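**Student:** I'm passing along start.txt; it holds compact mmCIF, C-alpha atoms.
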# COMPACT_ATOMS: atom_id res chain seq x y z
CA MET A 17 16.56 16.85 -20.33
CA THR A 18 15.88 16.32 -24.05
CA ARG A 19 15.06 12.88 -25.39
CA ALA A 20 14.40 12.29 -29.09
CA ALA A 21 10.87 11.12 -29.83
CA GLY A 22 12.16 8.04 -31.60
CA ASP A 23 14.68 7.13 -28.93
CA GLU A 24 14.04 3.58 -27.72
CA THR A 25 14.59 4.71 -24.14
CA ARG A 26 11.26 6.51 -24.37
CA ARG A 27 9.64 3.09 -24.28
CA ARG A 28 11.48 1.95 -21.14
CA VAL A 29 9.71 2.04 -17.80
CA ALA A 30 11.64 1.56 -14.57
CA ILE A 31 10.16 -0.93 -12.10
CA PHE A 32 11.71 0.11 -8.80
CA THR A 33 12.09 -2.96 -6.61
CA ASP A 34 14.48 -4.52 -4.12
CA GLU A 35 13.58 -8.03 -5.31
CA THR A 36 12.35 -9.56 -8.53
CA GLY A 37 9.67 -12.23 -8.79
CA TRP A 38 6.01 -12.74 -9.59
CA HIS A 39 4.94 -9.08 -9.33
CA THR A 40 7.77 -7.71 -11.46
CA ARG A 41 7.23 -10.42 -14.06
CA LYS A 42 3.54 -9.56 -14.31
CA LEU A 43 4.31 -5.86 -14.70
CA LYS A 44 6.90 -6.58 -17.40
CA GLU A 45 4.42 -8.74 -19.28
CA ALA A 46 1.73 -6.06 -19.02
CA LEU A 47 4.13 -3.39 -20.29
CA ALA A 48 5.24 -5.64 -23.16
CA ARG A 49 1.62 -6.11 -24.25
CA ARG A 50 1.47 -2.35 -24.67
CA GLY A 51 4.76 -2.16 -26.56
CA PHE A 52 6.91 -0.95 -23.65
CA GLU A 53 9.88 -2.45 -21.85
CA GLY A 54 9.98 -2.79 -18.08
CA ARG A 55 13.40 -2.74 -16.45
CA CYS A 56 13.86 -3.65 -12.77
CA VAL A 57 15.93 -1.14 -10.82
CA ASP A 58 16.95 -1.24 -7.15
CA LEU A 59 16.81 2.26 -5.64
CA GLU A 60 19.83 1.26 -3.57
CA GLN A 61 21.86 1.22 -6.82
CA CYS A 62 20.57 4.59 -8.06
CA ARG A 63 22.66 7.61 -7.22
CA PHE A 64 22.86 11.36 -7.39
CA ASP A 65 25.80 12.51 -9.52
CA THR A 66 25.62 16.11 -10.66
CA GLY A 67 28.58 15.57 -12.97
CA ALA A 68 27.22 12.49 -14.73
CA GLY A 69 24.85 14.27 -17.09
CA PRO A 70 22.14 16.90 -17.42
CA SER A 71 19.77 15.22 -14.96
CA GLY A 72 22.20 14.80 -12.06
CA LEU A 73 20.87 11.25 -11.56
CA VAL A 74 22.19 7.85 -12.52
CA ILE A 75 19.53 5.15 -12.98
CA PRO A 76 21.17 1.76 -13.71
CA GLY A 77 20.06 0.31 -17.03
CA PHE A 78 19.21 3.69 -18.53
CA GLY A 79 22.68 5.11 -19.24
CA ARG A 80 22.61 8.91 -19.41
CA ASN A 81 18.88 8.88 -20.07
CA LEU A 82 15.87 8.83 -17.80
CA PRO A 83 13.05 6.27 -17.81
CA LEU A 84 9.79 7.23 -19.45
CA ALA A 85 8.07 6.54 -16.12
CA GLY A 86 8.58 4.54 -12.94
CA ILE A 87 6.43 2.01 -11.06
CA VAL A 88 7.39 1.57 -7.41
CA ARG A 89 7.14 -2.10 -6.46
CA GLY A 90 9.45 -2.20 -3.45
CA ILE A 91 11.92 -0.15 -1.42
CA ALA A 92 14.45 -2.01 0.73
CA GLY A 93 14.75 -1.20 4.40
CA GLY A 94 17.79 0.66 5.64
CA SER A 95 19.05 3.50 7.79
CA LEU A 96 17.27 6.85 7.90
CA GLU A 97 19.95 8.21 5.60
CA GLN A 98 19.56 5.38 3.09
CA ILE A 99 15.75 5.60 2.99
CA THR A 100 15.93 9.38 2.63
CA LYS A 101 18.24 9.04 -0.37
CA ARG A 102 16.09 6.35 -2.03
CA LEU A 103 12.94 8.42 -1.64
CA GLY A 104 14.99 11.41 -2.77
CA VAL A 105 15.64 9.69 -6.09
CA LEU A 106 11.88 9.32 -6.58
CA HIS A 107 11.33 12.96 -5.61
CA ALA A 108 14.04 14.02 -8.06
CA LEU A 109 12.52 12.04 -10.92
CA ARG A 110 9.20 13.78 -10.33
CA GLU A 111 10.99 17.14 -10.42
CA LEU A 112 12.51 16.10 -13.76
CA GLY A 113 9.08 15.35 -15.20
CA VAL A 114 9.17 11.56 -14.91
CA PRO A 115 5.82 10.20 -13.64
CA ILE A 116 6.30 7.89 -10.65
CA TYR A 117 3.50 5.47 -9.77
CA ASN A 118 3.05 5.88 -6.69
CA ASP A 119 5.30 8.87 -6.19
CA ALA A 120 7.41 9.45 -3.11
CA ARG A 121 4.90 11.75 -1.44
CA ALA A 122 2.15 9.13 -1.56
CA ILE A 123 4.50 6.41 -0.33
CA GLU A 124 5.62 8.60 2.58
CA ARG A 125 1.99 9.21 3.57
CA SER A 126 1.12 5.53 3.57
CA VAL A 127 4.30 4.22 5.21
CA ASP A 128 3.79 6.61 8.13
CA LYS A 129 0.75 5.08 9.85
CA SER A 130 0.14 8.17 11.97
CA MET A 131 -0.07 10.34 8.84
CA THR A 132 -2.38 7.77 7.23
CA SER A 133 -4.72 7.94 10.23
CA PHE A 134 -4.58 11.75 10.23
CA LEU A 135 -5.37 12.07 6.52
CA LEU A 136 -8.20 9.53 6.67
CA HIS A 137 -9.70 11.35 9.66
CA LYS A 138 -9.30 14.72 7.91
CA ALA A 139 -11.11 13.38 4.83
CA GLY A 140 -13.96 11.95 6.90
CA VAL A 141 -13.13 8.34 6.00
CA ALA A 142 -14.29 5.83 8.63
CA THR A 143 -11.17 4.63 10.43
CA PRO A 144 -10.48 3.53 14.02
CA GLN A 145 -9.35 6.21 16.43
CA ALA A 146 -5.56 6.32 16.57
CA TRP A 147 -2.77 7.96 18.56
CA ALA A 148 0.96 8.51 18.02
CA ILE A 149 2.69 9.39 21.29
CA GLU A 150 6.36 9.71 22.23
CA ASP A 151 5.85 10.57 25.89
CA ALA A 152 5.66 7.32 27.87
CA ALA A 153 3.60 8.85 30.70
CA GLN A 154 1.02 10.18 28.23
CA ALA A 155 0.84 6.78 26.54
CA ARG A 156 0.26 5.03 29.88
CA ARG A 157 -2.50 7.49 30.84
CA LEU A 158 -4.20 6.92 27.51
CA LEU A 159 -4.04 3.17 27.97
CA MET A 160 -5.48 3.45 31.48
CA ARG A 161 -8.50 5.36 30.14
CA GLU A 162 -9.05 2.90 27.30
CA THR A 163 -8.64 -0.10 29.61
CA ALA A 164 -11.14 1.36 32.09
CA ALA A 165 -13.63 1.53 29.21
CA ARG A 166 -12.86 -2.15 28.40
CA ARG A 167 -11.28 -1.23 25.08
CA CYS A 168 -8.44 -2.99 23.33
CA LEU A 169 -5.78 -1.14 21.33
CA VAL A 170 -3.37 -2.44 18.73
CA LEU A 171 0.24 -1.31 19.07
CA LYS A 172 1.76 -1.21 15.59
CA PRO A 173 5.24 -0.42 14.34
CA MET A 174 5.06 3.03 12.76
CA PHE A 175 6.72 1.80 9.57
CA GLY A 176 5.77 -1.90 9.72
CA SER A 177 4.18 -4.01 7.01
CA GLN A 178 2.70 -7.47 6.35
CA GLY A 179 1.24 -7.69 9.84
CA LYS A 180 4.63 -7.97 11.55
CA GLY A 181 5.12 -6.79 15.13
CA LEU A 182 1.47 -6.11 16.01
CA GLN A 183 0.50 -6.38 19.68
CA LYS A 184 -2.76 -6.06 21.58
CA VAL A 185 -2.65 -3.86 24.67
CA GLY A 186 -5.23 -2.52 27.08
CA TRP A 187 -8.26 -4.69 27.79
CA VAL A 188 -7.80 -7.92 25.84
CA SER A 189 -10.82 -10.19 25.97
CA ASN A 190 -10.35 -13.94 26.30
CA GLU A 191 -12.15 -14.41 22.99
CA GLU A 192 -12.16 -11.72 20.34
CA GLY A 193 -15.92 -11.66 19.97
CA GLY A 194 -16.70 -12.77 23.50
CA ASP A 195 -17.99 -11.01 26.59
CA ALA A 196 -15.79 -8.00 27.36
CA SER A 197 -16.02 -8.90 31.06
CA GLY A 198 -13.75 -11.90 30.49
CA GLY A 199 -10.23 -10.81 29.73
CA GLN A 200 -7.03 -9.34 31.05
CA THR A 201 -5.13 -6.07 31.10
CA VAL A 202 -2.04 -6.02 28.89
CA PRO A 203 0.34 -3.09 29.58
CA LEU A 204 2.38 -1.14 27.08
CA PRO A 205 5.92 -2.40 26.55
CA ASP A 206 8.84 -0.04 27.16
CA LEU A 207 8.64 2.50 24.33
CA LYS A 208 12.37 2.08 23.74
CA SER A 209 11.57 -1.39 22.40
CA VAL A 210 9.25 0.08 19.73
CA GLY A 211 11.42 2.91 18.47
CA GLY A 212 10.52 5.35 21.23
CA LEU A 213 7.00 5.91 19.90
CA ALA A 214 3.62 4.31 20.48
CA TYR A 215 1.34 4.21 17.47
CA LEU A 216 -1.95 2.86 18.77
CA GLN A 217 -5.15 2.07 16.91
CA ARG A 218 -8.42 1.11 18.55
CA PHE A 219 -9.19 -2.56 17.92
CA ILE A 220 -12.46 -3.45 16.17
CA PRO A 221 -13.57 -6.89 17.49
CA GLN A 222 -15.48 -9.43 15.44
CA PRO A 223 -17.67 -12.38 16.42
CA GLU A 224 -16.10 -15.59 15.16
CA SER A 225 -16.05 -19.33 15.68
CA GLU A 226 -14.31 -22.40 14.32
CA GLN A 227 -17.06 -22.64 11.71
CA ALA A 228 -16.88 -18.95 10.82
CA PRO A 229 -13.41 -17.49 11.50
CA GLY A 230 -12.92 -13.76 11.35
CA PHE A 231 -11.95 -11.83 8.23
CA ASP A 232 -11.13 -8.45 6.81
CA TRP A 233 -11.18 -7.13 3.25
CA ARG A 234 -8.43 -6.07 0.88
CA VAL A 235 -9.66 -3.79 -1.89
CA MET A 236 -7.42 -2.75 -4.78
CA VAL A 237 -7.88 0.80 -6.06
CA ILE A 238 -6.29 1.78 -9.39
CA GLY A 239 -6.56 5.25 -10.86
CA GLY A 240 -9.15 6.27 -8.28
CA ARG A 241 -11.42 3.29 -8.97
CA ALA A 242 -11.90 0.18 -6.82
CA VAL A 243 -11.36 -2.77 -9.16
CA ALA A 244 -11.26 -5.96 -7.08
CA ALA A 245 -11.74 -7.23 -3.54
CA MET A 246 -11.10 -10.29 -1.44
CA LYS A 247 -11.63 -11.50 2.09
CA ARG A 248 -8.58 -12.40 4.16
CA VAL A 249 -9.80 -15.17 6.46
CA SER A 250 -7.93 -16.39 9.53
CA PRO A 251 -8.69 -17.60 13.08
CA HIS A 252 -5.96 -15.18 14.23
CA TRP A 253 -6.78 -11.49 14.62
CA VAL A 254 -3.83 -10.53 12.37
CA ARG A 255 -5.21 -11.34 8.93
CA ASN A 256 -2.42 -10.53 6.51
CA VAL A 257 -1.80 -13.14 3.82
CA ALA A 258 1.89 -12.98 4.80
CA GLN A 259 0.83 -14.16 8.28
CA GLY A 260 -1.11 -17.17 6.99
CA ALA A 261 -4.55 -15.78 6.18
CA ARG A 262 -6.47 -17.37 3.29
CA SER A 263 -7.48 -15.33 0.26
CA VAL A 264 -11.18 -15.83 -0.46
CA ALA A 265 -13.10 -14.32 -3.38
CA SER A 266 -15.44 -11.51 -2.37
CA PRO A 267 -17.83 -9.30 -4.29
CA LEU A 268 -16.79 -5.67 -4.51
CA LEU A 269 -19.68 -4.26 -2.51
CA PRO A 270 -20.58 -0.60 -3.23
CA ALA A 271 -19.87 0.43 0.37
CA LEU A 272 -16.41 -1.18 0.28
CA ALA A 273 -15.64 0.47 -3.05
CA GLN A 274 -16.75 3.85 -1.72
CA LEU A 275 -14.59 3.59 1.39
CA ALA A 276 -11.53 2.28 -0.47
CA GLU A 277 -11.72 4.94 -3.16
CA ALA A 278 -12.08 7.68 -0.54
CA ALA A 279 -9.06 6.31 1.35
CA ALA A 280 -6.86 6.24 -1.77
CA ALA A 281 -7.96 9.77 -2.65
CA ALA A 282 -7.19 11.02 0.87
CA LEU A 283 -3.56 9.91 0.42
CA ASP A 284 -3.45 10.97 -3.26
CA MET A 285 -2.44 7.54 -4.54
CA ASP A 286 -2.25 6.21 -8.09
CA TYR A 287 -2.87 2.69 -6.79
CA ALA A 288 -3.48 1.36 -3.32
CA GLY A 289 -4.28 -1.79 -1.40
CA VAL A 290 -6.87 -0.73 1.18
CA ASP A 291 -7.53 -2.92 4.22
CA LEU A 292 -10.95 -2.72 5.87
CA VAL A 293 -12.55 -4.44 8.85
CA PRO A 294 -16.27 -5.17 9.24
CA ASP A 295 -17.97 -2.84 11.71
CA PRO A 296 -21.79 -2.90 11.93
CA ALA A 297 -21.69 0.34 13.94
CA SER A 298 -20.05 2.24 11.08
CA PRO A 299 -22.41 3.95 8.56
CA LEU A 300 -20.99 1.91 5.64
CA GLY A 301 -20.48 -1.28 7.66
CA ALA A 302 -16.68 -1.17 7.68
CA GLN A 303 -13.67 0.89 8.71
CA VAL A 304 -10.36 1.44 6.94
CA ILE A 305 -7.42 0.21 9.03
CA GLU A 306 -4.53 0.60 6.57
CA VAL A 307 -3.72 1.99 3.13
CA ASN A 308 -0.79 0.35 1.36
CA GLY A 309 1.13 2.44 -1.15
CA VAL A 310 3.37 -0.39 -2.33
CA ALA A 311 0.66 -3.02 -2.26
CA ALA A 312 1.19 -6.67 -3.17
CA TRP A 313 -1.65 -8.29 -5.08
CA ARG A 314 -0.67 -11.92 -5.67
CA GLY A 315 -3.21 -13.24 -3.15
CA LEU A 316 -5.95 -11.07 -4.63
CA GLN A 317 -5.07 -12.07 -8.19
CA LYS A 318 -5.60 -15.74 -7.27
CA VAL A 319 -9.27 -15.11 -6.52
CA THR A 320 -10.23 -12.57 -9.18
CA PRO A 321 -10.22 -12.75 -13.00
CA PHE A 322 -9.42 -9.03 -13.17
CA ASP A 323 -5.88 -8.47 -14.51
CA ILE A 324 -4.42 -6.19 -11.84
CA ALA A 325 -0.95 -5.72 -13.35
CA GLN A 326 -2.45 -4.81 -16.74
CA ALA A 327 -4.80 -2.32 -15.10
CA ILE A 328 -1.87 -0.66 -13.31
CA VAL A 329 0.09 -0.37 -16.55
CA ASP A 330 -2.91 0.83 -18.56
CA ASP A 331 -3.72 3.49 -15.96
CA LEU A 332 -0.10 4.67 -15.85
CA LEU A 333 0.05 4.97 -19.63
CA ALA A 334 -3.36 6.57 -20.12
CA ARG A 335 -3.71 8.87 -17.10
CA ARG A 336 -0.11 9.80 -16.35
CA LEU A 337 1.45 9.63 -19.84
CA GLY A 338 -1.50 10.37 -22.11
CA VAL A 339 -1.15 7.15 -24.15
CA PRO A 340 -4.76 6.34 -25.10
CA LEU A 341 -6.41 3.06 -25.88
CA LEU A 342 -8.65 2.26 -28.82
CA VAL A 343 -11.24 -0.50 -28.56
CA GLY A 344 -11.94 -2.15 -31.90
CA ALA A 345 -15.13 -3.82 -33.01
CA ALA A 346 -13.57 -7.24 -32.52
CA GLY A 347 -12.99 -6.54 -28.83
CA GLN A 348 -9.33 -5.67 -29.26
CA VAL A 349 -7.63 -2.96 -27.23
CA CYS A 350 -4.98 -1.18 -29.29
CA GLN A 351 -2.34 1.30 -28.25
CA ILE A 352 -2.50 4.20 -30.68
CA GLY A 353 0.51 4.29 -32.94
CA SER A 354 2.16 1.22 -31.47
CA GLY A 355 0.94 -1.57 -33.67
CA VAL A 356 0.56 -3.66 -30.50
CA THR A 357 -2.73 -5.32 -29.62
CA ARG A 358 -4.08 -7.45 -26.83
CA SER A 359 -7.36 -9.18 -26.16
CA ALA A 360 -9.78 -7.10 -24.11
Now that the file is in, can you turn its structure into structure tokens?
**Tutor:**
Amino acid sequence: MTRAAGDETRRRVAIFTDETGWHTRKLKEALARRGFEGRCVDLEQCRFDTGAGPSGLVIPGFGRNLPLAGIVRGIAGGSLEQITKRLGVLHALRELGVPIYNDARAIERSVDKSMTSFLLHKAGVATPQAWAIEDAAQARRLLMRETAARRCLVLKPMFGSQGKGLQKVGWVSNEEGGDASGGQTVPLPDLKSVGGLAYLQRFIPQPESEQAPGFDWRVMVIGGRAVAAMKRVSPHWVRNVAQGARSVASPLLPALAQLAEAAAAALDMDYAGVDLVPDPASPLGAQVIEVNGVAAWRGLQKVTPFDIAQAIVDDLLARRLGVPLLVGAAGQVCQIGSGVTRSA
């Protein structure tokens, strides 16, 4: 599809989201600082229409044109058919030459926790052993073996997020960091209640107390580089900010950066929120438990001076669109040919 170089639509970037708020506002502001316009678009409202124009797609807010690029901020839940169509729109835009950040393939890899575990394992990234089993008898036999070894597993929804629906099964100690001899056996629920499939990940326990509650790390990776980190601190073993964990500033340790960058690369992501748990037995002192392809960063932004939204936009423009930056002697970062500047 041909678009004139001077057409104003060439400066419009679609922000795909099912809800607007803090994140979309920050992305719009970051785009505006570079001389581009961000327009929020719900993938639910996008449609295939092979008679509507050369592209065969209709993207609300863009008329017969296509966006210069797209940033995926959120995809609403729905039926298998609805999700397939929404991801199909992202696939189609890639086929039409529109860079999507992250594209549908990366999102599919990260949303499917079993594929995430497989790809991390394949790449040699430290991650807890995991299983995805549909056969209930096989799942029960696995749990019996793990329970006999006094191991705890975490049963997770295959497509869950924000720490919702997690359950401990197998040998669950009375205290997370306590003596493994004190605990109870928790059986698997009926697999029909969890979508007919058991995705199980071995639990990594941590010593903790009222004075020193447990934590994990969230590391943000943008353009292949770890840029910021925080601890998520909570007395509960589920340490998502959405579940009440506190965001605490944390240095971006070299080992954490190495693991997070390797995890994002394994899933071929433009940007990723990588969750890691401390593990003294692991060579780098931590293991990757999840890789988020549509990562929120509000909690992290509260505890770091690094401008995450601006970094996402700058990486999209420079690496995916070839729009370079110039750094002037006065510490100004200038978009070539735009006449737009911002403080570095």
**Student:** Counting all atoms listed in the file, what is within 10 Å of Lys138 in chain A, bar same-chain residues fewer than 5 positions away, as a PyMOL selection string?
**Tutor:** chain A and resi 132-133+282
**Student:** Of the candidates A:Arg50, A:Lys42, A:Arg27, A:Lys129, which one gets nearest to Pro83 in chain A if we count all atoms listed in the file?
**Tutor:**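 Of A:Arg50, A:Lys42, A:Arg27, A:Lys129, the one nearest Pro83 in chain A is A:Arg27, counting all atoms listed in the file.
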**Student:** So that I can check the surroundings of Ala279 in chain A, please list as a list in words every protein, DNA and RNA residue that reaches within 7 Å of it, counting all atoms listed in the file and ignoring chain neighbours fewer than 3 positions away.
**Tutor:**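 My reading of the contact set: Leu136, Val141, Leu275, Ala276, Ala282 and Leu283 of chain A.
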**Student:** Which distance in Å separates CA of Arg80 in chain A and CA of Ala120 in chain A, to one decimal?
**Tutor:**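 It comes out at 22.3 Å.
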**Student:** Report, in Å to a single decimal, how far apart CA of Pro321 in chain A and CA of Ala48 in chain A are.
**Tutor:**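 Straight-line distance from CA of Ala48 in chain A to CA of Pro321 in chain A works out to 19.8 Å.
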**Student:** Between A:Val29, A:Gly72, A:Trp38, A:Val264, which has the minimum distance to Glu53 in chain A (counting all atoms listed in the file)?
**Tutor:** A:Val29
